[in-house]
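> The file below is input-v5.txt, compact mmCIF, C-alpha atoms and all ligand atoms:
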# COMPACT_ATOMS: atom_id res chain seq x y z
CA MET A 1 13.00 -25.42 47.01
CA LEU A 2 9.25 -24.81 47.26
CA ILE A 3 7.70 -25.69 43.90
CA GLY A 4 4.26 -24.24 43.16
CA CYS A 5 1.66 -25.29 40.62
CA PRO A 6 -1.40 -23.06 40.08
CA LYS A 7 -4.55 -24.10 38.22
CA GLU A 8 -4.44 -22.98 34.57
CA ILE A 9 -6.77 -20.02 33.93
CA LYS A 10 -6.50 -19.62 30.15
CA PRO A 11 -9.92 -20.50 28.64
CA GLN A 12 -10.29 -24.15 27.58
CA GLU A 13 -6.94 -25.17 29.08
CA PHE A 14 -7.42 -28.45 30.96
CA ARG A 15 -3.80 -29.51 31.37
CA VAL A 16 -1.79 -28.97 34.55
CA GLY A 17 1.90 -28.13 34.91
CA LEU A 18 2.80 -30.71 37.53
CA THR A 19 1.52 -34.31 37.64
CA PRO A 20 1.25 -36.13 40.97
CA ASN A 21 4.17 -38.27 39.74
CA ALA A 22 6.32 -35.17 39.19
CA ALA A 23 5.30 -33.88 42.64
CA TYR A 24 6.30 -37.25 44.12
CA GLU A 25 9.74 -37.08 42.48
CA ALA A 26 10.28 -33.51 43.65
CA VAL A 27 9.39 -34.47 47.22
CA ALA A 28 11.74 -37.47 46.96
CA HIS A 29 14.50 -35.01 45.98
CA GLY A 30 13.89 -33.14 49.25
CA HIS A 31 11.72 -30.32 47.85
CA SER A 32 8.27 -29.13 48.94
CA VAL A 33 5.34 -28.86 46.55
CA ILE A 34 2.26 -26.65 46.81
CA VAL A 35 -0.61 -27.15 44.35
CA GLU A 36 -3.71 -25.00 43.94
CA THR A 37 -6.90 -26.86 44.77
CA GLN A 38 -8.48 -28.55 41.71
CA ALA A 39 -5.45 -27.70 39.56
CA GLY A 40 -5.41 -31.27 38.22
CA ASP A 41 -9.16 -31.72 37.75
CA GLY A 42 -9.14 -31.19 33.98
CA ALA A 43 -6.49 -33.89 33.57
CA GLY A 44 -8.16 -36.32 35.94
CA PHE A 45 -5.90 -35.74 38.97
CA THR A 46 -7.58 -35.02 42.33
CA ASP A 47 -6.26 -33.01 45.27
CA ALA A 48 -6.02 -36.37 47.08
CA ASP A 49 -3.62 -37.66 44.39
CA TYR A 50 -1.29 -34.72 45.09
CA ILE A 51 -1.57 -35.16 48.85
CA VAL A 52 -0.61 -38.84 48.51
CA ALA A 53 2.40 -37.68 46.45
CA GLY A 54 3.48 -35.47 49.37
CA ALA A 55 2.23 -32.07 48.15
CA THR A 56 0.16 -29.58 50.11
CA ILE A 57 -2.98 -27.99 48.65
CA ALA A 58 -3.54 -24.21 48.58
CA ASP A 59 -6.97 -22.61 48.32
CA THR A 60 -5.92 -19.92 45.85
CA ALA A 61 -3.41 -19.18 43.11
CA ALA A 62 -2.32 -16.13 45.12
CA GLU A 63 -1.05 -18.41 47.91
CA VAL A 64 0.88 -20.54 45.43
CA PHE A 65 2.50 -17.50 43.76
CA ALA A 66 3.26 -15.84 47.10
CA GLN A 67 4.99 -18.87 48.61
CA ALA A 68 6.69 -20.77 45.77
CA ASP A 69 10.32 -20.32 44.71
CA MET A 70 9.50 -21.82 41.32
CA ILE A 71 6.15 -21.82 39.49
CA VAL A 72 5.55 -24.72 37.08
CA LYS A 73 2.71 -24.24 34.57
CA VAL A 74 1.56 -25.17 31.08
CA LYS A 75 0.34 -22.01 29.31
CA GLU A 76 1.92 -18.58 29.20
CA PRO A 77 0.99 -16.59 32.31
CA GLN A 78 -2.09 -14.44 31.91
CA ALA A 79 -1.92 -10.79 33.01
CA ALA A 80 -3.28 -11.59 36.49
CA GLU A 81 -0.61 -14.26 36.93
CA CYS A 82 2.22 -12.03 35.69
CA ALA A 83 1.18 -9.52 38.35
CA MET A 84 1.85 -12.14 41.04
CA LEU A 85 5.38 -13.03 39.88
CA ARG A 86 8.34 -11.45 41.66
CA GLN A 87 12.08 -10.91 41.40
CA GLY A 88 14.02 -14.03 42.30
CA GLN A 89 11.13 -16.35 41.46
CA VAL A 90 11.53 -18.89 38.64
CA LEU A 91 8.74 -19.46 36.10
CA PHE A 92 8.94 -22.67 34.05
CA THR A 93 6.22 -22.96 31.37
CA TYR A 94 5.37 -22.36 27.68
CA LEU A 95 5.77 -18.62 26.96
CA HIS A 96 5.74 -18.06 23.14
CA LEU A 97 6.90 -14.46 23.65
CA ALA A 98 7.74 -13.56 20.03
CA PRO A 99 4.16 -12.65 19.02
CA ASP A 100 3.23 -11.36 22.50
CA PRO A 101 4.74 -7.96 23.44
CA GLU A 102 2.28 -7.44 26.32
CA GLN A 103 3.23 -10.63 28.11
CA THR A 104 6.91 -9.88 27.46
CA ARG A 105 6.54 -6.45 29.03
CA ASP A 106 4.73 -7.91 32.06
CA LEU A 107 7.37 -10.58 32.59
CA LEU A 108 10.18 -8.02 32.31
CA ALA A 109 8.39 -5.83 34.85
CA SER A 110 7.98 -8.76 37.27
CA GLY A 111 11.75 -9.23 37.62
CA ALA A 112 11.21 -13.02 37.60
CA THR A 113 13.44 -15.58 35.85
CA CYS A 114 11.37 -17.11 33.05
CA ILE A 115 12.36 -20.32 31.30
CA ALA A 116 10.25 -21.22 28.24
CA TYR A 117 9.53 -24.86 27.40
CA GLU A 118 9.46 -24.12 23.67
CA THR A 119 13.06 -22.90 23.42
CA VAL A 120 14.73 -25.66 25.47
CA THR A 121 16.84 -27.69 23.01
CA ASP A 122 18.41 -31.15 22.80
CA ASP A 123 21.58 -32.74 21.40
CA ARG A 124 19.95 -33.52 18.03
CA GLY A 125 18.79 -29.97 17.39
CA GLY A 126 15.24 -30.82 18.49
CA LEU A 127 12.86 -29.12 20.89
CA PRO A 128 12.22 -31.79 23.54
CA LEU A 129 9.46 -29.90 25.37
CA LEU A 130 7.51 -29.20 22.16
CA ALA A 131 7.88 -32.72 20.74
CA PRO A 132 5.41 -34.42 23.11
CA MET A 133 2.63 -32.04 22.05
CA SER A 134 3.46 -32.63 18.38
CA GLU A 135 3.27 -36.38 19.06
CA VAL A 136 -0.16 -35.93 20.64
CA ALA A 137 -1.48 -33.65 17.85
CA GLY A 138 -0.09 -35.99 15.18
CA ARG A 139 -1.71 -39.07 16.67
CA LEU A 140 -4.97 -37.21 17.22
CA ALA A 141 -5.18 -35.89 13.64
CA PRO A 142 -6.37 -39.11 11.92
CA GLN A 143 -8.76 -39.73 14.84
CA VAL A 144 -10.53 -36.35 14.45
CA GLY A 145 -10.25 -36.59 10.67
CA ALA A 146 -11.90 -40.04 10.68
CA TYR A 147 -14.81 -38.62 12.68
CA ALA A 148 -15.15 -35.68 10.27
CA LEU A 149 -15.15 -38.12 7.32
CA GLN A 150 -18.41 -39.63 8.59
CA LYS A 151 -21.42 -38.54 6.52
CA ALA A 152 -23.34 -37.06 9.46
CA ASN A 153 -20.35 -34.86 10.23
CA GLY A 154 -20.14 -33.40 6.72
CA GLY A 155 -17.60 -35.87 5.34
CA ARG A 156 -17.55 -38.25 2.37
CA GLY A 157 -18.88 -41.14 4.42
CA VAL A 158 -15.65 -43.12 4.05
CA LEU A 159 -14.35 -45.60 6.63
CA MET A 160 -10.59 -45.32 7.28
CA GLY A 161 -9.88 -49.04 7.02
CA GLY A 162 -12.51 -49.92 4.41
CA VAL A 163 -13.87 -53.47 4.66
CA PRO A 164 -13.19 -56.64 2.66
CA GLY A 165 -14.13 -55.76 -0.88
CA VAL A 166 -14.07 -51.98 -0.30
CA GLY A 167 -10.83 -50.04 -0.36
CA PRO A 168 -9.55 -47.96 2.57
CA ALA A 169 -9.49 -44.17 2.88
CA ASN A 170 -6.72 -42.41 1.04
CA VAL A 171 -4.77 -40.20 3.50
CA VAL A 172 -2.11 -37.68 2.47
CA VAL A 173 0.14 -36.14 5.11
CA ILE A 174 2.05 -33.00 4.10
CA GLY A 175 5.18 -32.69 6.26
CA GLY A 176 6.96 -35.75 7.67
CA GLY A 177 8.33 -34.34 10.93
CA VAL A 178 7.08 -35.24 14.40
CA VAL A 179 3.39 -34.46 13.74
CA GLY A 180 3.39 -36.02 10.27
CA THR A 181 5.14 -39.23 11.27
CA HIS A 182 2.80 -39.85 14.20
CA ALA A 183 -0.23 -38.98 12.06
CA ALA A 184 0.89 -41.40 9.32
CA ARG A 185 1.51 -44.21 11.81
CA ILE A 186 -1.96 -43.91 13.31
CA ALA A 187 -3.72 -43.48 9.95
CA ALA A 188 -1.88 -46.56 8.64
CA GLY A 189 -2.77 -48.39 11.85
CA MET A 190 -6.45 -47.61 11.19
CA GLY A 191 -6.03 -49.35 7.85
CA ALA A 192 -5.88 -46.27 5.60
CA ASP A 193 -3.69 -46.01 2.50
CA VAL A 194 -1.19 -43.32 3.57
CA THR A 195 1.37 -41.17 1.71
CA ILE A 196 3.72 -38.67 3.42
CA LEU A 197 5.08 -35.70 1.48
CA ASP A 198 8.17 -33.80 2.64
CA ARG A 199 10.73 -31.41 1.14
CA SER A 200 13.60 -33.06 2.99
CA LEU A 201 15.01 -36.08 1.14
CA ALA A 202 16.96 -37.01 4.26
CA ARG A 203 13.68 -37.16 6.18
CA LEU A 204 11.98 -39.21 3.44
CA ARG A 205 14.92 -41.65 3.49
CA TYR A 206 14.63 -41.98 7.25
CA LEU A 207 10.87 -42.58 7.06
CA ASP A 208 11.32 -45.16 4.32
CA ASP A 209 14.07 -46.96 6.27
CA VAL A 210 12.19 -47.05 9.55
CA PHE A 211 8.61 -47.56 8.39
CA GLY A 212 9.20 -49.46 5.16
CA GLY A 213 5.92 -50.52 3.61
CA ARG A 214 3.60 -49.11 6.29
CA PHE A 215 3.16 -45.91 4.32
CA LYS A 216 4.47 -44.42 1.09
CA THR A 217 6.72 -41.36 0.79
CA SER A 218 6.72 -38.70 -1.91
CA TYR A 219 8.76 -35.57 -2.55
CA ALA A 220 6.69 -32.46 -1.80
CA SER A 221 6.95 -30.73 -5.19
CA ALA A 222 3.95 -28.57 -6.07
CA GLY A 223 2.99 -31.07 -8.80
CA ASN A 224 3.12 -34.16 -6.56
CA THR A 225 1.25 -32.32 -3.82
CA SER A 226 -1.63 -31.24 -6.04
CA GLU A 227 -1.89 -34.69 -7.68
CA LEU A 228 -2.08 -36.48 -4.32
CA VAL A 229 -4.47 -33.94 -2.80
CA MET A 230 -6.92 -34.53 -5.70
CA THR A 231 -7.31 -38.21 -4.86
CA ALA A 232 -7.26 -37.88 -1.05
CA ASP A 233 -10.15 -38.54 1.32
CA MET A 234 -8.16 -36.80 4.07
CA VAL A 235 -5.24 -34.36 3.89
CA ILE A 236 -3.28 -33.66 7.08
CA GLY A 237 -1.17 -30.46 7.14
CA ALA A 238 1.96 -30.93 9.28
CA VAL A 239 4.68 -28.69 7.85
CA LEU A 240 6.94 -26.42 9.85
CA ILE A 241 9.54 -23.91 8.78
CA PRO A 242 11.04 -22.94 12.16
CA GLY A 243 10.46 -19.30 13.02
CA ALA A 244 8.25 -18.65 9.97
CA ALA A 245 4.57 -18.75 9.15
CA ALA A 246 3.50 -22.05 7.57
CA PRO A 247 3.76 -21.99 3.74
CA LYS A 248 0.39 -22.15 1.93
CA LEU A 249 0.68 -25.40 0.00
CA VAL A 250 -2.94 -25.91 -1.10
CA SER A 251 -4.84 -22.99 -2.62
CA ARG A 252 -8.56 -22.33 -2.58
CA ALA A 253 -8.70 -23.11 -6.30
CA GLN A 254 -7.34 -26.60 -5.58
CA LEU A 255 -10.30 -27.40 -3.30
CA SER A 256 -12.51 -27.71 -6.38
CA THR A 257 -10.21 -30.49 -7.67
CA MET A 258 -10.66 -32.49 -4.44
CA LYS A 259 -13.31 -35.15 -3.80
CA PRO A 260 -16.49 -33.59 -2.34
CA GLY A 261 -16.66 -34.25 1.39
CA ALA A 262 -12.91 -34.82 1.72
CA VAL A 263 -11.43 -33.65 5.03
CA ILE A 264 -8.54 -31.31 5.75
CA VAL A 265 -6.91 -31.49 9.20
CA ASP A 266 -4.56 -28.49 9.36
CA VAL A 267 -2.37 -29.21 12.39
CA ALA A 268 0.00 -26.42 11.31
CA ILE A 269 -2.78 -23.90 11.99
CA ASP A 270 -0.87 -22.63 15.05
CA GLN A 271 1.66 -21.23 12.55
CA GLY A 272 -1.07 -19.86 10.28
CA GLY A 273 -1.94 -23.14 8.53
CA CYS A 274 -0.74 -24.63 5.24
CA PHE A 275 -4.07 -24.42 3.37
CA GLU A 276 -5.20 -21.06 1.97
CA THR A 277 -8.70 -21.65 3.35
CA SER A 278 -7.66 -22.51 6.93
CA HIS A 279 -8.58 -20.41 9.90
CA ALA A 280 -8.21 -21.37 13.56
CA THR A 281 -11.14 -23.13 15.24
CA THR A 282 -11.83 -24.31 18.79
CA HIS A 283 -12.77 -27.63 20.38
CA GLN A 284 -16.34 -26.28 20.81
CA ASN A 285 -16.71 -25.72 17.08
CA PRO A 286 -13.82 -27.56 15.45
CA THR A 287 -14.89 -27.85 11.80
CA TYR A 288 -16.27 -25.71 8.98
CA GLU A 289 -16.79 -26.25 5.27
CA VAL A 290 -15.37 -24.41 2.27
CA ASP A 291 -16.35 -25.46 -1.29
CA GLY A 292 -17.58 -28.83 -0.01
CA ILE A 293 -14.34 -29.65 1.85
CA VAL A 294 -14.49 -30.13 5.64
CA HIS A 295 -11.78 -28.21 7.51
CA TYR A 296 -10.63 -29.12 11.05
CA CYS A 297 -8.25 -26.39 12.29
CA VAL A 298 -8.06 -26.51 16.10
CA ALA A 299 -5.00 -24.57 17.24
CA ASN A 300 -4.57 -26.42 20.56
CA MET A 301 -5.35 -30.00 19.63
CA PRO A 302 -3.57 -31.55 22.66
CA GLY A 303 -6.17 -29.88 24.91
CA ALA A 304 -8.73 -32.43 23.67
CA VAL A 305 -6.81 -35.20 25.38
CA SER A 306 -5.73 -33.28 28.45
CA ARG A 307 -4.79 -36.29 30.54
CA THR A 308 -2.52 -37.89 27.93
CA SER A 309 -1.05 -34.47 27.10
CA THR A 310 -0.42 -33.57 30.74
CA ILE A 311 1.39 -36.84 31.43
CA ALA A 312 3.39 -36.63 28.17
CA LEU A 313 4.43 -33.05 28.92
CA GLY A 314 5.22 -33.94 32.54
CA ASN A 315 7.51 -36.80 31.45
CA ALA A 316 9.46 -34.37 29.26
CA THR A 317 9.64 -31.45 31.71
CA MET A 318 10.41 -33.51 34.82
CA PRO A 319 14.21 -33.87 34.45
CA PHE A 320 14.56 -30.13 33.76
CA MET A 321 12.22 -29.21 36.63
CA LEU A 322 14.24 -31.41 38.99
CA ALA A 323 17.56 -29.93 37.81
CA LEU A 324 16.21 -26.39 38.39
CA ALA A 325 15.01 -27.36 41.86
CA ASP A 326 18.08 -29.36 42.86
CA LYS A 327 20.76 -26.93 41.69
CA GLY A 328 18.98 -23.58 41.49
CA TRP A 329 18.23 -22.08 38.08
CA ALA A 330 21.66 -20.48 37.50
CA GLN A 331 23.73 -23.60 38.21
CA ALA A 332 21.27 -25.82 36.32
CA CYS A 333 21.52 -23.55 33.26
CA GLU A 334 25.31 -23.25 33.60
CA ASP A 335 25.59 -27.06 33.58
CA ASP A 336 23.16 -27.59 30.68
CA PRO A 337 23.31 -25.36 27.59
CA HIS A 338 20.02 -26.88 26.39
CA LEU A 339 18.23 -25.63 29.50
CA LEU A 340 20.03 -22.27 29.19
CA ALA A 341 18.48 -22.01 25.70
CA GLY A 342 15.13 -21.94 27.49
CA LEU A 343 16.00 -18.77 29.42
CA ASN A 344 13.87 -15.97 27.90
CA VAL A 345 13.66 -13.35 30.66
CA HIS A 346 15.78 -12.68 33.75
CA ALA A 347 15.65 -9.83 36.24
CA GLY A 348 13.99 -7.40 33.85
CA ARG A 349 16.12 -8.31 30.82
CA LEU A 350 15.18 -10.24 27.69
CA THR A 351 17.62 -13.13 27.12
CA ASN A 352 16.40 -14.86 23.94
CA HIS A 353 17.84 -13.64 20.66
CA ALA A 354 14.92 -14.72 18.40
CA VAL A 355 12.37 -13.07 20.70
CA GLY A 356 14.46 -9.89 20.73
CA VAL A 357 14.55 -9.83 16.91
CA ALA A 358 10.79 -10.46 16.69
CA LEU A 359 9.98 -7.69 19.19
CA THR A 360 12.88 -5.39 18.21
CA MET A 361 14.09 -5.30 21.80
CA ASP A 362 17.58 -5.40 23.30
CA VAL A 363 18.75 -8.79 24.46
CA LEU A 364 21.20 -9.71 27.22
CA SER A 365 23.23 -12.83 26.40
CA PRO A 366 21.92 -15.73 28.52
CA LYS A 367 25.51 -16.50 29.63
CA LEU A 368 25.83 -12.97 31.03
CA ALA A 369 22.42 -13.29 32.67
CA LEU A 370 23.79 -16.19 34.71
CA LYS A 371 26.12 -13.74 36.48
CA ILE A 372 23.38 -11.29 37.52
N1 LIG B 401 -2.61 -27.56 16.20
C1 LIG B 401 -1.96 -28.03 17.25
O1 LIG B 401 -2.53 -28.24 18.31
C2 LIG B 401 -0.49 -28.35 17.15
C3 LIG B 401 0.13 -29.13 18.13
C4 LIG B 401 1.49 -29.45 17.96
C5 LIG B 401 2.19 -28.98 16.84
N2 LIG B 401 1.55 -28.19 15.94
C6 LIG B 401 2.21 -27.67 14.72
O2 LIG B 401 2.39 -28.69 13.77
C7 LIG B 401 3.39 -28.28 12.85
C8 LIG B 401 4.40 -29.39 12.62
O3 LIG B 401 5.15 -29.59 13.81
P1 LIG B 401 6.30 -30.70 13.92
O4 LIG B 401 6.65 -30.79 15.36
O5 LIG B 401 5.90 -31.93 13.19
O6 LIG B 401 7.48 -29.99 13.11
P2 LIG B 401 8.77 -30.71 12.52
O7 LIG B 401 9.81 -29.66 12.40
O8 LIG B 401 9.08 -31.95 13.29
O9 LIG B 401 8.31 -31.19 11.06
C9 LIG B 401 8.00 -30.29 10.03
C10 LIG B 401 8.28 -30.98 8.70
O10 LIG B 401 7.78 -30.14 7.66
C11 LIG B 401 8.64 -30.32 6.56
N3 LIG B 401 8.41 -29.23 5.59
C12 LIG B 401 8.78 -27.93 5.69
N4 LIG B 401 8.36 -27.25 4.61
C13 LIG B 401 7.70 -28.14 3.83
C14 LIG B 401 7.05 -28.06 2.57
N5 LIG B 401 6.98 -26.90 1.90
N6 LIG B 401 6.46 -29.17 2.06
C15 LIG B 401 6.52 -30.34 2.74
N7 LIG B 401 7.15 -30.49 3.94
C16 LIG B 401 7.73 -29.40 4.45
C17 LIG B 401 10.03 -30.33 7.18
O11 LIG B 401 10.99 -30.90 6.30
C18 LIG B 401 9.77 -31.20 8.43
O12 LIG B 401 10.03 -32.57 8.18
C19 LIG B 401 3.99 -26.99 13.47
O13 LIG B 401 3.41 -25.87 12.87
C20 LIG B 401 3.59 -27.10 14.92
O14 LIG B 401 3.56 -25.82 15.55
C21 LIG B 401 0.23 -27.86 16.08
Take the structure in the file and give it back as structure tokens.
Ligand SMILES: NC(=O)c1ccc[n+]([C@@H]2O[C@H](COP(=O)([O-])OP(=O)(O)OC[C@H]3O[C@@H](n4cnc5c(N)ncnc54)[C@H](O)[C@@H]3O)[C@@H](O)[C@H]2O)c1


Amino acid sequence: MLIGCPKEIKPQEFRVGLTPNAAYEAVAHGHSVIVETQAGDGAGFTDADYIVAGATIADTAAEVFAQADMIVKVKEPQAAECAMLRQGQVLFTYLHLAPDPEQTRDLLASGATCIAYETVTDDRGGLPLLAPMSEVAGRLAPQVGAYALQKANGGRGVLMGGVPGVGPANVVVIGGGVVGTHAARIAAGMGADVTILDRSLARLRYLDDVFGGRFKTSYASAGNTSELVMTADMVIGAVLIPGAAAPKLVSRAQLSTMKPGAVIVDVAIDQGGCFETSHATTHQNPTYEVDGIVHYCVANMPGAVSRTSTIALGNATMPFMLALADKGWAQACEDDPHLLAGLNVHAGRLTNHAVGVALTMDVLSPKLALKI
């Protein structure tokens, strides 16, 4: 199979769909790889790195789209990219079609077979191609929050770890899933006093078993949440209700009960955010202040650490990318129901139930799509 990787064109996207390591593995499996020139620049990979891995370099995205049997990307294809897809070609990338009828229409019109990272599943009911980005965002949250806590950046002027004789920052993490657990680990590692809140007792038990005394756990009742938020130097929002907008767990009125200069890092902002006062920001202008509380609400946090994020995503996508290349998409999906769950569009038909419900469109069962 000829695997193609174009440079990402969505603004502020510095990741790349294929690492040189992934290209090397694909070549070792007997495939060819074509990469658009400078595709890896934003993640610190040069054209020479890809050439050493056995790939060839194309001057334009058009060449990559025209030649490749499978396109491997990071972000959903932009309109110009959708226009270059064709019937029989496989697209393997994040799609997030439910809120995006235009992209859905373009992909249906292309006739291509589109497999979305975010709906690929695993044996434990998880989303293995979303988890690495949650790990990155979770670990980044205390880092950006610590910076915002500095006085010159609008914060309370509190050091995460304190010093001998001065207590550490008080960090509250709402939601103890992938983001929350990684955020709590890093905040605790920086020396902060950390409490995780979650609505799932099973999750709190797990966190207590595995992490013991490294951070505290608390049940996320409204009362506990508001009490802990009042005494926090930093509150990290990390809740998720799959398929729904994030619940608003801290109201504007509660901001006045918080310490002046405290910092909110709302990682759940990509689902609307879990603070009433959150609105999405960008890496150029990541923070703003409401009622004396600093808000950091960047919707694509992993983009700040594009190299780490690219490699983490590449590690997770590689086995699926190789299966698609080795067996062809239909056999690979037939053999692996978790990969089949990633099939969103095939030959002009929508094949993901949740997307169909969100867009009120007819859906062809993915199993039937395998036969077309
Ligand atoms: N901003 C970014 O760049 C970025 C990057 C990655 C992930 N995210 C987002 O971060 C959020 C968390 O993702 P995740 O992978 O950790 O999800 P997850 O499913 O692993 O964890 C979510 C946790 O929230 C808990 N929860 C649900 N409702 C709650 C409530 N009312 N109170 C307390 N806890 C509650 C659940 O029990 C679960 O443990 C998602 O919205 C995800 O899209 C954002």

> Report as an MDAnalysis selection string which protein, DNA and RNA residues come within 6 Å of ligand LIG 401 (chain B), using only C-alpha atoms and all ligand atoms.

chainID A and resid 131 133:134 137 174:180 197:200 220 238:241 267:271 298:302

> Enter the distance from CA of Gln331 (chain A) to CA of Leu313 (chain A), in Å, rounded to one decimal.

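Taking CA of Gln331 (chain A) and CA of Leu313 (chain A), their separation equals 23.4 Å.
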
> Please, what distance in Å, to one decimal, runs between CA of Gly273 (chain A) and CA of Lys248 (chain A)?

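Atom-to-atom, CA of Gly273 (chain A) to CA of Lys248 (chain A), that is 7.1 Å.
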
> What are the closest atom pairs, with distances in Å to one decimal, for all residues of region 45-160 of chain A lying within 7 Å of region 23-32 of chain A? Consider all atoms listed in the file, order rows by chain and residue number, and present the result as a tab-separated table.


residue	atom	partner	partner_atom	distance
A:Ala53	CA	A:Tyr24	CA	4.6
A:Gly54	CA	A:Tyr24	CA	6.2
A:Ala55	CA	A:Ala23	CA	6.6

> So that I can check the surroundings of Thr308 (chain A), please list as a list in words every protein, DNA and RNA residue that reaches within 12 Å of it, counting all atoms listed in the file and ignoring chain neighbours fewer than 2 positions away.

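Once the nearby chain positions are removed, what remains is Phe14, Arg15, Val16, Thr19, Gly42, Ala43, Gly44, Phe45, Pro132, Met133, Glu135, Val136, Ala137, Arg139, Leu140, Met301, Pro302, Gly303, Ala304, Val305, Ser306, Thr310, Ile311, Ala312, Leu313, Gly314 and Asn315 of chain A.
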
> In Å to one decimal, how far is CA of Val265 (chain A) from CA of Ala280 (chain A)?

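Computed distance, CA of Ala280 (chain A) to CA of Val265 (chain A), equals 11.1 Å.
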
> So that I can see what lies close to Gln150 (chain A), please list as a PyMOL selection string the residues with an atom at most 10 Å from it, counting all atoms listed in the file and leaving out residues fewer than 5 positions away in the same chain.

chain A and resi 145+155-160+261+263

> I'd like the neighbourhood of region 183-195 of chain A as a list in words, where a residue qualifies if any of its atoms comes within 6 Å (using all atoms listed in the file), though same-chain residues fewer than 3 positions away should be ignored.

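Within the cut-off, the hits are Gly138, Arg139, Pro142, Met160, Gly161, Pro168, Ala169, Asn170, Val171, Val172, Gly180, Phe215, Lys216 and Thr217 of chain A.
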
> Can you pull out the residues contacting region 110-123 of chain A? Cut-off 6 Å, using all atoms listed in the file, and skip same-chain residues under 2 positions away; I want them as an mmCIF file with C-alpha atoms, in the coordinates of the input.


data_model
loop_
_atom_site.group_PDB
_atom_site.id
_atom_site.type_symbol
_atom_site.label_atom_id
_atom_site.label_comp_id
_atom_site.auth_asym_id
_atom_site.auth_seq_id
_atom_site.Cartn_x
_atom_site.Cartn_y
_atom_site.Cartn_z
ATOM 1 C CA LEU A 85 5.380 -13.030 39.880
ATOM 2 C CA ARG A 86 8.340 -11.450 41.660
ATOM 3 C CA GLN A 87 12.080 -10.910 41.400
ATOM 4 C CA GLY A 88 14.020 -14.030 42.300
ATOM 5 C CA GLN A 89 11.130 -16.350 41.460
ATOM 6 C CA VAL A 90 11.530 -18.890 38.640
ATOM 7 C CA LEU A 91 8.740 -19.460 36.100
ATOM 8 C CA PHE A 92 8.940 -22.670 34.050
ATOM 9 C CA THR A 93 6.220 -22.960 31.370
ATOM 10 C CA TYR A 94 5.370 -22.360 27.680
ATOM 11 C CA LEU A 95 5.770 -18.620 26.960
ATOM 12 C CA LEU A 107 7.370 -10.580 32.590
ATOM 13 C CA LEU A 108 10.180 -8.020 32.310
ATOM 14 C CA GLY A 125 18.790 -29.970 17.390
ATOM 15 C CA GLY A 126 15.240 -30.820 18.490
ATOM 16 C CA LEU A 127 12.860 -29.120 20.890
ATOM 17 C CA LEU A 129 9.460 -29.900 25.370
ATOM 18 C CA LEU A 130 7.510 -29.200 22.160
ATOM 19 C CA HIS A 338 20.020 -26.880 26.390
ATOM 20 C CA LEU A 339 18.230 -25.630 29.500
ATOM 21 C CA ALA A 341 18.480 -22.010 25.700
ATOM 22 C CA GLY A 342 15.130 -21.940 27.490
ATOM 23 C CA LEU A 343 16.000 -18.770 29.420
ATOM 24 C CA ASN A 344 13.870 -15.970 27.900
ATOM 25 C CA VAL A 345 13.660 -13.350 30.660
ATOM 26 C CA HIS A 346 15.780 -12.680 33.750
ATOM 27 C CA ALA A 347 15.650 -9.830 36.240
ATOM 28 C CA GLY A 348 13.990 -7.400 33.850
#

> Counting all atoms listed in the file, what are the residues of region 76-96 of chain A within 9 Å of region 3-10 of chain A, and for each of them which pair of atoms is the nearest and at what distance in Å, to one decimal? Sort the table by chain and rising number, as JSON lines.


{"residue": "A:Glu76", "atom": "CA", "partner": "A:Lys10", "partner_atom": "CA", "distance": 8.5}
{"residue": "A:Pro77", "atom": "CA", "partner": "A:Lys10", "partner_atom": "CA", "distance": 8.4}
{"residue": "A:Gln78", "atom": "CA", "partner": "A:Lys10", "partner_atom": "CA", "distance": 7.0}
{"residue": "A:Glu81", "atom": "CA", "partner": "A:Ile9", "partner_atom": "CA", "distance": 9.0}

> May I ask which of the residues A:Cys333, A:Ala222, A:Ala262, A:Leu364 is the closest one to Lys151 (chain A), counting all atoms listed in the file?

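Smallest distance to Lys151 (chain A) is found for A:Ala262.
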